[in-house]
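What follows is a single structure, written as structure tokens, with notes after it.
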Amino acid sequence: MAKVLAVLYPDPVDGYPKTYARDDIPKITSYPDGQTAPTPSAIDFKPGQLLGSVSGELGLRKFLEKAGHTLVVTSDKEGPDSEFEKELPDAEVVISQPFWPAYMTKERFDKAKKLKLIITAGIGSDHTDLQAAMDKGVTVAEITYSNSISVAEHIVMMILALVRNYIPAYGWVVRGGWNIADSVERSYDLEGMNVGTVAAGRIGLAALRRLKPFGVKLHYTDKHRLPKAVEQELDLTYHPDVESLVKVCDVVTINAPLHPETEDLFNDKLIAKMKRGAYLVNTARGKIVNRDAVVRALESGQLAGYAGDVWFPQPAPKDHPWRTMPHHGMTPHISGTSLSAQTRYAAGTREILESYFAGKPIRTEYLIVDKGKLAGTGAKSYTAGDATKGAEAA
Ligand code: NDP
């Protein structure tokens, strides 16, 4: 029987919810490309419940214990004395979410002698050293598409919040003011602007589709070009490289995975090539942009605003400069863990576990690493190597 070790974010500070703001959530059965939403044999939770925190247990306990497995859940994940590292040596399966990642470094792989499967409950497995997973023959899987639309919605929200100066205006209201001029001195319409995405995969394309009705001119760069029909439908301008895209865009959104090719992509040099006063929105991964270059660009006015929900490390330390830099619209890493998204990726996690324990193949679209190499979605979107560096120090 297997030990399953799940690292989940802590419960709300005022306790695990007893009631919710809404009574139901829409049932999503398939995604825009036709892929079906997760299809586990059953679920032991009510859709719309908080599942990603420790007491939510991704809705897995009943299912796992009934089959004789052990489930250990903790949010204590950093350092050698953490609950996570203590439980790791005899764990067969490790589960964590990008919002509260269990960084699976090579050192941790060396300690995890029984490890066979790592599940990212969500999307984005860069917190796992994929090279080490390949070398050790550990399978890595994630719940592809489960929260792509959730993130695309967050991107649109953040672009509008920055361009229209929503957050400072809200602040004036909360403080009892009626400061019209203060609120609008940095407020513009999005209409007519050039908006570009770095990568047009599931999230990037969904963001482009949602932005189209705002009357903007859309741009993208990607390793592979989208079908002609999609380019025509959205009147997209393709750029062969990121430099060409950033030169013409008023708003840039980053939607590429973090891997050795994209790490530190938005550094001083690339940001200097952007239009002065451009907005940058990054819901992909914190390490794709250079932390201090972003701060410098906001202070100098090269960037008019920066928003996103991804940081490095996570959780971000109290003194992380992105908390206090000017003109930012940061949230903690939440875009892909709305209650709606949690329903899908908790079901997907169970689907993967059901396949694994039954000795059946895991859906190809969920696979990142399998049998010693990049597989499924991993083979399409990632490159070999390690993007977890620095996690130990953090
Ligand atoms: P997809 O795999 O659908 O799309 C990623 C796209 O990035 C692919 O089209 C890929 O190209 C492209 N790409 C890879 N490397 C480069 C590069 N060097 N330059 C340009 N394009 C590149 O992934 P998703 O859209 O589902 O997710 C994207 C990322 O968003 C995830 O990897 C994750 O890091 C992040 N994410 C964040 C969440 C959050 O809560 N904030 C939640 C979910 C995901 P191609 O396939 O053509 O080779």
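Order determines the names: the first chain of the structure tokens is A, the second B, and so forth; residues in each chain are numbered 1 upward, and ligands are numbered 1 upward as they are shown.
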
(request) Output the neighbourhood of ligand 1 as number ranges by chain, that is, all protein and nucleic acid residues with some atom at most 8 Å from the ligand, counting only C-alpha atoms and all ligand atoms. (result) A: 98-99, 122-126, 144-145, 147-148, 150-151, 198-205, 221-225, 241-242, 255-259, 261-262, 283-285, 308-310, 333-337, 377-378, 380-382

(message) Calculated over only C-alpha atoms, which of the candidates A:Ala112, A:Val246, A:Leu58, A:Ala347 has the smallest distance to Ala133 (chain A)?
(response)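 Nearest to Ala133 (chain A): A:Ala112.
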
(message) Give me the residues near Ile159 (chain A) as a ChimeraX atom specification, where near means some atom within 12 Å (using only C-alpha atoms) and where sequence neighbours in that chain fewer than 2 positions away do not count.
(response) /A:152-157,161-167,187-191,193,195-197,207-208,210-211,214,250-254,278-283,304-308,328-330

Close residues, region 64-80 of chain A itself excluded, 9 Å, only C-alpha atoms, min 6 positions apart in chain, as a PDB file with N, CA, C and O atoms, in the first residue's frame:
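File out.pdb, as written:
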```pdb
ATOM      1  N   MET A   1       0.842  -1.199   0.000  1.00  0.00           N
ATOM      2  CA  MET A   1       0.000   0.000   0.000  1.00  0.00           C
ATOM      3  C   MET A   1       0.878   1.250   0.000  1.00  0.00           C
ATOM      4  O   MET A   1       1.962   1.245   0.584  1.00  0.00           O
ATOM      5  N   ALA A   2       0.400   2.278  -0.626  1.00  0.00           N
ATOM      6  CA  ALA A   2       1.275   3.435  -0.884  1.00  0.00           C
ATOM      7  C   ALA A   2       1.063   4.561   0.125  1.00  0.00           C
ATOM      8  O   ALA A   2      -0.033   4.735   0.653  1.00  0.00           O
ATOM      9  N   LYS A   3       2.129   5.313   0.319  1.00  0.00           N
ATOM     10  CA  LYS A   3       1.982   6.544   1.103  1.00  0.00           C
ATOM     11  C   LYS A   3       1.934   7.717   0.120  1.00  0.00           C
ATOM     12  O   LYS A   3       2.830   7.879  -0.707  1.00  0.00           O
ATOM     13  N   VAL A   4       0.864   8.487   0.242  1.00  0.00           N
ATOM     14  CA  VAL A   4       0.677   9.650  -0.617  1.00  0.00           C
ATOM     15  C   VAL A   4       0.903  10.886   0.245  1.00  0.00           C
ATOM     16  O   VAL A   4       0.259  11.056   1.283  1.00  0.00           O
ATOM     17  N   LEU A   5       1.838  11.731  -0.197  1.00  0.00           N
ATOM     18  CA  LEU A   5       2.214  12.917   0.588  1.00  0.00           C
ATOM     19  C   LEU A   5       1.765  14.167  -0.167  1.00  0.00           C
ATOM     20  O   LEU A   5       2.250  14.439  -1.264  1.00  0.00           O
ATOM     21  N   ALA A   6       0.816  14.890   0.434  1.00  0.00           N
ATOM     22  CA  ALA A   6       0.283  16.085  -0.241  1.00  0.00           C
ATOM     23  C   ALA A   6       0.695  17.333   0.520  1.00  0.00           C
ATOM     24  O   ALA A   6       0.536  17.423   1.742  1.00  0.00           O
ATOM     25  N   VAL A   7       1.251  18.294  -0.209  1.00  0.00           N
ATOM     26  CA  VAL A   7       1.618  19.587   0.374  1.00  0.00           C
ATOM     27  C   VAL A   7       0.589  20.599  -0.117  1.00  0.00           C
ATOM     28  O   VAL A   7       0.521  20.884  -1.313  1.00  0.00           O
ATOM     29  N   LEU A   8      -0.208  21.116   0.809  1.00  0.00           N
ATOM     30  CA  LEU A   8      -1.284  22.038   0.422  1.00  0.00           C
ATOM     31  C   LEU A   8      -1.149  23.341   1.193  1.00  0.00           C
ATOM     32  O   LEU A   8      -0.530  23.378   2.256  1.00  0.00           O
ATOM     33  N   TYR A   9      -1.757  24.401   0.670  1.00  0.00           N
ATOM     34  CA  TYR A   9      -1.618  25.682   1.360  1.00  0.00           C
ATOM     35  C   TYR A   9      -2.458  25.698   2.649  1.00  0.00           C
ATOM     36  O   TYR A   9      -3.419  24.933   2.782  1.00  0.00           O
ATOM     37  N   PRO A  10      -2.069  26.571   3.612  1.00  0.00           N
ATOM     38  CA  PRO A  10      -2.782  26.577   4.894  1.00  0.00           C
ATOM     39  C   PRO A  10      -4.247  26.994   4.732  1.00  0.00           C
ATOM     40  O   PRO A  10      -4.604  27.686   3.778  1.00  0.00           O
ATOM     41  N   SER A  53      -6.651  23.716   0.320  1.00  0.00           N
ATOM     42  CA  SER A  53      -5.997  23.962   1.604  1.00  0.00           C
ATOM     43  C   SER A  53      -5.961  22.662   2.410  1.00  0.00           C
ATOM     44  O   SER A  53      -6.626  21.679   2.059  1.00  0.00           O
ATOM     45  N   VAL A  54      -5.184  22.702   3.492  1.00  0.00           N
ATOM     46  CA  VAL A  54      -4.897  21.482   4.248  1.00  0.00           C
ATOM     47  C   VAL A  54      -6.166  20.701   4.618  1.00  0.00           C
ATOM     48  O   VAL A  54      -6.249  19.493   4.395  1.00  0.00           O
ATOM     49  N   SER A  55      -7.190  21.395   5.126  1.00  0.00           N
ATOM     50  CA  SER A  55      -8.396  20.657   5.538  1.00  0.00           C
ATOM     51  C   SER A  55      -9.221  20.176   4.355  1.00  0.00           C
ATOM     52  O   SER A  55     -10.033  19.253   4.490  1.00  0.00           O
ATOM     53  N   GLU A  57      -7.912  18.797   1.672  1.00  0.00           N
ATOM     54  CA  GLU A  57      -7.252  17.519   1.311  1.00  0.00           C
ATOM     55  C   GLU A  57      -7.492  17.080  -0.121  1.00  0.00           C
ATOM     56  O   GLU A  57      -7.452  15.906  -0.449  1.00  0.00           O
ATOM     57  N   LYS A  86      10.473  15.277   6.351  1.00  0.00           N
ATOM     58  CA  LYS A  86      10.446  14.129   7.264  1.00  0.00           C
ATOM     59  C   LYS A  86       9.623  12.985   6.672  1.00  0.00           C
ATOM     60  O   LYS A  86       9.917  11.819   6.858  1.00  0.00           O
ATOM     61  N   GLU A  87       8.554  13.346   5.970  1.00  0.00           N
ATOM     62  CA  GLU A  87       7.649  12.319   5.423  1.00  0.00           C
ATOM     63  C   GLU A  87       8.110  11.795   4.067  1.00  0.00           C
ATOM     64  O   GLU A  87       7.615  10.787   3.581  1.00  0.00           O
ATOM     65  N   TRP A 100       1.534  26.744  -3.856  1.00  0.00           N
ATOM     66  CA  TRP A 100       2.229  26.442  -2.584  1.00  0.00           C
ATOM     67  C   TRP A 100       3.126  25.235  -2.889  1.00  0.00           C
ATOM     68  O   TRP A 100       2.901  24.128  -2.402  1.00  0.00           O
ATOM     69  N   PRO A 101       4.123  25.480  -3.744  1.00  0.00           N
ATOM     70  CA  PRO A 101       4.828  24.336  -4.331  1.00  0.00           C
ATOM     71  C   PRO A 101       5.757  23.605  -3.375  1.00  0.00           C
ATOM     72  O   PRO A 101       6.441  24.226  -2.570  1.00  0.00           O
ATOM     73  N   ALA A 102       5.754  22.294  -3.461  1.00  0.00           N
ATOM     74  CA  ALA A 102       6.782  21.496  -2.797  1.00  0.00           C
ATOM     75  C   ALA A 102       7.928  21.420  -3.794  1.00  0.00           C
ATOM     76  O   ALA A 102       7.857  20.681  -4.774  1.00  0.00           O
ATOM     77  N   TYR A 103       8.958  22.250  -3.598  1.00  0.00           N
ATOM     78  CA  TYR A 103      10.069  22.267  -4.549  1.00  0.00           C
ATOM     79  C   TYR A 103      10.775  20.911  -4.523  1.00  0.00           C
ATOM     80  O   TYR A 103      11.354  20.528  -3.514  1.00  0.00           O
ATOM     81  N   LEU A 353      -4.585   9.371  -9.926  1.00  0.00           N
ATOM     82  CA  LEU A 353      -4.314   8.357  -8.902  1.00  0.00           C
ATOM     83  C   LEU A 353      -5.063   7.056  -9.219  1.00  0.00           C
ATOM     84  O   LEU A 353      -4.519   5.957  -9.044  1.00  0.00           O
ATOM     85  N   GLU A 392      16.284  26.018  -2.714  1.00  0.00           N
ATOM     86  CA  GLU A 392      16.815  25.648  -1.393  1.00  0.00           C
ATOM     87  C   GLU A 392      17.099  26.897  -0.565  1.00  0.00           C
ATOM     88  O   GLU A 392      16.728  27.007   0.585  1.00  0.00           O
ATOM     89  N   ALA A 394      15.834  29.734  -0.902  1.00  0.00           N
ATOM     90  CA  ALA A 394      14.613  30.475  -0.608  1.00  0.00           C
ATOM     91  C   ALA A 394      13.851  29.810   0.479  1.00  0.00           C
ATOM     92  O   ALA A 394      13.604  29.941   1.472  1.00  0.00           O
TER      93      ALA A 394
END
```

(request) Write down as a VMD selection string the residues belonging to region 68-307 of chain A that are assigned strand (DSSP E) by DSSP computed on the backbone. (result) chain A and resid 70 to 74 93 to 96 117 to 120 139 to 142 194 to 198 217 to 221 237 to 238 251 to 254 278 to 282 303 to 307

Once you have the residues from the selection above, write them out as a short mmCIF file (atom, residue, chain, number, x, y, z; two decimals), in the first residue's frame, restricted to N, CA and C atoms.
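And here is the file that came out, out03.cif:
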```cif
data_model
loop_
_atom_site.label_atom_id
_atom_site.label_comp_id
_atom_site.auth_asym_id
_atom_site.auth_seq_id
_atom_site.Cartn_x
_atom_site.Cartn_y
_atom_site.Cartn_z
N THR A 70 -2.15 5.40 2.56
CA THR A 70 -2.02 6.40 3.62
C THR A 70 -1.94 7.78 2.97
N LEU A 71 -2.68 8.74 3.50
CA LEU A 71 -2.57 10.11 3.00
C LEU A 71 -2.01 10.99 4.12
N VAL A 72 -0.89 11.65 3.83
CA VAL A 72 -0.33 12.62 4.77
C VAL A 72 -0.45 13.99 4.12
N VAL A 73 -1.04 14.95 4.84
CA VAL A 73 -1.22 16.30 4.29
C VAL A 73 -0.53 17.29 5.21
N THR A 74 0.28 18.16 4.61
CA THR A 74 0.95 19.19 5.41
C THR A 74 1.12 20.45 4.58
N VAL A 93 4.01 8.73 -3.65
CA VAL A 93 3.40 9.77 -4.48
C VAL A 93 3.52 11.11 -3.75
N VAL A 94 3.96 12.14 -4.45
CA VAL A 94 3.98 13.49 -3.89
C VAL A 94 3.03 14.36 -4.71
N ILE A 95 2.17 15.09 -4.01
CA ILE A 95 1.24 15.99 -4.69
C ILE A 95 1.46 17.40 -4.15
N SER A 96 1.56 18.39 -5.03
CA SER A 96 1.49 19.77 -4.54
C SER A 96 0.94 20.66 -5.64
N LEU A 117 5.74 8.79 -8.37
CA LEU A 117 4.84 9.69 -9.09
C LEU A 117 4.76 11.04 -8.39
N ILE A 118 4.88 12.11 -9.18
CA ILE A 118 4.67 13.47 -8.65
C ILE A 118 3.51 14.07 -9.42
N ILE A 119 2.51 14.54 -8.68
CA ILE A 119 1.36 15.16 -9.35
C ILE A 119 1.33 16.65 -9.03
N THR A 120 1.26 17.46 -10.06
CA THR A 120 1.00 18.88 -9.87
C THR A 120 -0.52 19.04 -9.94
N THR A 139 7.57 9.50 -12.64
CA THR A 139 6.58 10.10 -13.53
C THR A 139 6.10 11.43 -12.95
N VAL A 140 5.99 12.44 -13.80
CA VAL A 140 5.44 13.73 -13.38
C VAL A 140 4.20 14.00 -14.22
N ALA A 141 3.10 14.33 -13.54
CA ALA A 141 1.85 14.59 -14.28
C ALA A 141 1.17 15.83 -13.71
N GLU A 142 0.45 16.54 -14.57
CA GLU A 142 -0.32 17.69 -14.08
C GLU A 142 -1.71 17.67 -14.71
N ASN A 194 -2.14 48.16 -28.48
CA ASN A 194 -1.53 46.95 -29.01
C ASN A 194 -1.23 46.03 -27.83
N VAL A 195 -1.83 44.85 -27.87
CA VAL A 195 -1.69 43.92 -26.75
C VAL A 195 -1.07 42.62 -27.28
N GLY A 196 0.00 42.15 -26.62
CA GLY A 196 0.68 40.97 -27.13
C GLY A 196 0.89 39.92 -26.07
N THR A 197 0.88 38.66 -26.50
CA THR A 197 1.19 37.58 -25.56
C THR A 197 2.48 36.89 -25.97
N VAL A 198 3.30 36.62 -24.97
CA VAL A 198 4.48 35.79 -25.17
C VAL A 198 4.00 34.36 -24.90
N LYS A 217 -5.54 45.74 -30.81
CA LYS A 217 -4.80 45.09 -31.90
C LYS A 217 -3.94 44.01 -31.25
N LEU A 218 -4.15 42.77 -31.66
CA LEU A 218 -3.54 41.65 -30.94
C LEU A 218 -2.26 41.13 -31.61
N HIS A 219 -1.29 40.77 -30.79
CA HIS A 219 0.01 40.26 -31.26
C HIS A 219 0.38 39.01 -30.46
N TYR A 220 1.21 38.16 -31.07
CA TYR A 220 1.74 37.03 -30.29
C TYR A 220 3.08 36.57 -30.84
N THR A 221 3.85 35.93 -29.96
CA THR A 221 5.03 35.19 -30.40
C THR A 221 4.95 33.82 -29.73
N THR A 237 -1.19 39.54 -35.21
CA THR A 237 0.13 39.74 -35.82
C THR A 237 1.11 38.80 -35.14
N TYR A 238 1.76 37.96 -35.95
CA TYR A 238 2.75 37.02 -35.41
C TYR A 238 4.13 37.68 -35.41
N VAL A 251 0.72 46.67 -24.07
CA VAL A 251 0.48 45.71 -22.99
C VAL A 251 1.08 44.37 -23.41
N VAL A 252 1.87 43.76 -22.51
CA VAL A 252 2.44 42.44 -22.81
C VAL A 252 2.02 41.48 -21.71
N THR A 253 1.51 40.32 -22.10
CA THR A 253 1.18 39.30 -21.11
C THR A 253 2.03 38.06 -21.38
N ILE A 254 2.57 37.50 -20.31
CA ILE A 254 3.50 36.36 -20.45
C ILE A 254 2.75 35.07 -20.13
N ALA A 278 4.80 50.94 -21.06
CA ALA A 278 4.06 49.69 -21.33
C ALA A 278 3.65 49.04 -20.01
N TYR A 279 2.68 48.16 -20.11
CA TYR A 279 2.23 47.38 -18.94
C TYR A 279 2.66 45.94 -19.15
N LEU A 280 3.10 45.30 -18.07
CA LEU A 280 3.53 43.90 -18.17
C LEU A 280 2.72 43.08 -17.18
N VAL A 281 2.09 42.03 -17.68
CA VAL A 281 1.28 41.16 -16.82
C VAL A 281 1.83 39.74 -16.92
N ASN A 282 2.20 39.20 -15.79
CA ASN A 282 2.85 37.88 -15.76
C ASN A 282 2.12 36.95 -14.79
N LEU A 303 8.25 51.05 -17.31
CA LEU A 303 6.98 50.33 -17.24
C LEU A 303 5.97 51.21 -16.51
N ALA A 304 4.73 51.29 -17.04
CA ALA A 304 3.69 52.05 -16.34
C ALA A 304 3.02 51.20 -15.27
N GLY A 305 3.11 49.89 -15.42
CA GLY A 305 2.49 49.02 -14.42
C GLY A 305 2.94 47.59 -14.58
N TYR A 306 2.92 46.85 -13.49
CA TYR A 306 3.24 45.42 -13.52
C TYR A 306 2.23 44.71 -12.64
N ALA A 307 1.67 43.63 -13.17
CA ALA A 307 0.76 42.83 -12.35
C ALA A 307 0.99 41.36 -12.65
#
```

(request) Would you please work out which residue, of A:Phe109, A:Lys62, A:Tyr366, A:Gln131, is nearest to Tyr345 (chain A) when using only C-alpha atoms? (result)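 Of the candidates, the smallest distance to Tyr345 (chain A) is held by A:Tyr366.
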
(request) For CA of His127 (chain A) and CA of Pro313 (chain A), determine how far apart the two atoms are, in Å to one decimal place. (result) 9.9 Å

(request) Enter the distance from CA of Pro317 (chain A) to CA of Ala346 (chain A), in Å, rounded to one decimal. (result)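 Between CA of Pro317 (chain A) and CA of Ala346 (chain A) the gap is 27.6 Å.
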
(message) I'd like to know which residues of region 317-359 of chain A are alpha helix (DSSP H) (by DSSP, run on the backbone); could you write them as a list in words?
(response)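 Of region 317-359 of chain A, the ones in alpha helix (DSSP H) are Leu339, Ser340, Ala341, Gln342, Thr343, Arg344, Tyr345, Ala346, Ala347, Gly348, Thr349, Arg350, Glu351, Ile352, Leu353, Glu354, Ser355, Tyr356 and Phe357 of chain A.
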
Could you write those residues out with all heavy atoms, as a compact mmCIF listing (two decimals), in the first residue's frame?
```txt
# COMPACT_ATOMS: atom_id res chain seq x y z
N LEU A 339 -12.25 28.57 -6.66
CA LEU A 339 -12.98 27.36 -6.23
C LEU A 339 -13.42 26.55 -7.45
O LEU A 339 -13.47 25.31 -7.40
CB LEU A 339 -14.17 27.75 -5.35
CG LEU A 339 -13.81 28.43 -4.02
CD1 LEU A 339 -15.08 28.83 -3.26
CD2 LEU A 339 -12.93 27.56 -3.14
N SER A 340 -13.70 27.25 -8.55
CA SER A 340 -14.09 26.56 -9.78
C SER A 340 -12.94 25.69 -10.28
O SER A 340 -13.13 24.53 -10.65
CB SER A 340 -14.47 27.58 -10.86
OG SER A 340 -15.19 28.66 -10.30
N ALA A 341 -11.74 26.27 -10.31
CA ALA A 341 -10.57 25.53 -10.79
C ALA A 341 -10.25 24.35 -9.87
O ALA A 341 -9.91 23.26 -10.32
CB ALA A 341 -9.37 26.46 -10.89
N GLN A 342 -10.39 24.57 -8.56
CA GLN A 342 -10.06 23.50 -7.61
C GLN A 342 -10.92 22.26 -7.84
O GLN A 342 -10.46 21.13 -7.73
CB GLN A 342 -10.27 23.98 -6.18
CG GLN A 342 -9.23 24.99 -5.72
CD GLN A 342 -9.54 25.54 -4.33
OE1 GLN A 342 -9.91 24.80 -3.44
NE2 GLN A 342 -9.37 26.82 -4.17
N THR A 343 -12.19 22.50 -8.16
CA THR A 343 -13.09 21.37 -8.44
C THR A 343 -12.51 20.50 -9.55
O THR A 343 -12.49 19.27 -9.46
CB THR A 343 -14.47 21.91 -8.87
OG1 THR A 343 -15.03 22.58 -7.74
CG2 THR A 343 -15.40 20.80 -9.31
N ARG A 344 -12.01 21.17 -10.61
CA ARG A 344 -11.50 20.41 -11.76
C ARG A 344 -10.17 19.74 -11.44
O ARG A 344 -9.96 18.57 -11.76
CB ARG A 344 -11.38 21.32 -12.98
CG ARG A 344 -12.72 21.78 -13.52
CD ARG A 344 -12.55 22.56 -14.81
NE ARG A 344 -11.89 23.84 -14.63
CZ ARG A 344 -12.51 24.98 -14.30
NH1 ARG A 344 -13.81 25.00 -14.11
NH2 ARG A 344 -11.83 26.10 -14.17
N TYR A 345 -9.25 20.48 -10.80
CA TYR A 345 -7.95 19.81 -10.63
C TYR A 345 -7.95 18.80 -9.48
O TYR A 345 -7.15 17.86 -9.49
CB TYR A 345 -6.78 20.79 -10.61
CG TYR A 345 -6.60 21.73 -9.45
CD1 TYR A 345 -6.28 21.28 -8.18
CD2 TYR A 345 -6.68 23.11 -9.65
CE1 TYR A 345 -6.07 22.16 -7.13
CE2 TYR A 345 -6.47 23.99 -8.61
CZ TYR A 345 -6.16 23.52 -7.35
OH TYR A 345 -5.95 24.39 -6.32
N ALA A 346 -8.88 18.93 -8.54
CA ALA A 346 -8.99 17.88 -7.51
C ALA A 346 -9.53 16.61 -8.17
O ALA A 346 -9.05 15.50 -7.90
CB ALA A 346 -9.89 18.33 -6.38
N ALA A 347 -10.50 16.77 -9.05
CA ALA A 347 -11.04 15.61 -9.77
C ALA A 347 -9.96 15.00 -10.67
O ALA A 347 -9.85 13.78 -10.78
CB ALA A 347 -12.26 16.02 -10.60
N GLY A 348 -9.14 15.86 -11.28
CA GLY A 348 -8.07 15.37 -12.15
C GLY A 348 -6.99 14.63 -11.37
O GLY A 348 -6.43 13.63 -11.83
N THR A 349 -6.70 15.12 -10.17
CA THR A 349 -5.72 14.44 -9.31
C THR A 349 -6.23 13.03 -8.99
O THR A 349 -5.49 12.05 -9.07
CB THR A 349 -5.51 15.24 -8.01
OG1 THR A 349 -5.08 16.55 -8.36
CG2 THR A 349 -4.47 14.60 -7.11
N ARG A 350 -7.51 12.96 -8.67
CA ARG A 350 -8.08 11.63 -8.37
C ARG A 350 -8.04 10.74 -9.61
O ARG A 350 -7.74 9.55 -9.52
CB ARG A 350 -9.52 11.81 -7.86
CG ARG A 350 -10.22 10.48 -7.77
CD ARG A 350 -11.06 10.35 -6.58
NE ARG A 350 -11.84 9.12 -6.65
CZ ARG A 350 -12.85 8.86 -5.85
NH1 ARG A 350 -13.22 9.74 -4.96
NH2 ARG A 350 -13.49 7.71 -5.94
N GLU A 351 -8.34 11.33 -10.77
CA GLU A 351 -8.30 10.53 -12.00
C GLU A 351 -6.90 9.94 -12.22
O GLU A 351 -6.75 8.76 -12.54
CB GLU A 351 -8.70 11.40 -13.20
CG GLU A 351 -8.71 10.63 -14.51
CD GLU A 351 -8.95 11.53 -15.73
OE1 GLU A 351 -9.63 12.56 -15.61
OE2 GLU A 351 -8.44 11.17 -16.81
N ILE A 352 -5.88 10.75 -12.02
CA ILE A 352 -4.49 10.27 -12.20
C ILE A 352 -4.19 9.16 -11.19
O ILE A 352 -3.61 8.13 -11.54
CB ILE A 352 -3.49 11.44 -12.05
CG1 ILE A 352 -3.63 12.38 -13.25
CG2 ILE A 352 -2.06 10.93 -11.92
CD1 ILE A 352 -2.82 13.66 -13.15
N LEU A 353 -4.59 9.37 -9.93
CA LEU A 353 -4.31 8.36 -8.90
C LEU A 353 -5.06 7.06 -9.22
O LEU A 353 -4.52 5.96 -9.04
CB LEU A 353 -4.73 8.88 -7.52
CG LEU A 353 -3.81 9.97 -6.94
CD1 LEU A 353 -4.45 10.60 -5.70
CD2 LEU A 353 -2.42 9.40 -6.60
N GLU A 354 -6.30 7.17 -9.69
CA GLU A 354 -7.06 5.95 -10.03
C GLU A 354 -6.33 5.17 -11.13
O GLU A 354 -6.19 3.96 -11.05
CB GLU A 354 -8.47 6.32 -10.51
CG GLU A 354 -9.40 6.71 -9.36
CD GLU A 354 -10.81 7.07 -9.84
OE1 GLU A 354 -11.06 7.06 -11.06
OE2 GLU A 354 -11.67 7.37 -8.97
N SER A 355 -5.84 5.89 -12.16
CA SER A 355 -5.12 5.22 -13.25
C SER A 355 -3.85 4.58 -12.70
O SER A 355 -3.55 3.41 -12.98
CB SER A 355 -4.72 6.21 -14.35
OG SER A 355 -5.85 6.85 -14.86
N TYR A 356 -3.11 5.35 -11.91
CA TYR A 356 -1.82 4.87 -11.39
C TYR A 356 -2.00 3.60 -10.55
O TYR A 356 -1.31 2.60 -10.76
CB TYR A 356 -1.16 5.98 -10.58
CG TYR A 356 0.08 5.55 -9.84
CD1 TYR A 356 1.26 5.33 -10.52
CD2 TYR A 356 0.04 5.36 -8.46
CE1 TYR A 356 2.40 4.90 -9.85
CE2 TYR A 356 1.17 4.94 -7.77
CZ TYR A 356 2.34 4.71 -8.47
OH TYR A 356 3.47 4.29 -7.80
N PHE A 357 -2.95 3.64 -9.61
CA PHE A 357 -3.11 2.48 -8.73
C PHE A 357 -3.70 1.27 -9.47
O PHE A 357 -3.49 0.13 -9.07
CB PHE A 357 -3.96 2.84 -7.51
CG PHE A 357 -3.23 3.71 -6.53
CD1 PHE A 357 -3.75 4.93 -6.10
CD2 PHE A 357 -1.99 3.32 -6.03
CE1 PHE A 357 -3.07 5.74 -5.20
CE2 PHE A 357 -1.29 4.13 -5.12
CZ PHE A 357 -1.84 5.34 -4.72
```

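With CA of Pro321 (chain A) on one side and CA of Glu85 (chain A) on the other, the separation reads 28.8 Å.
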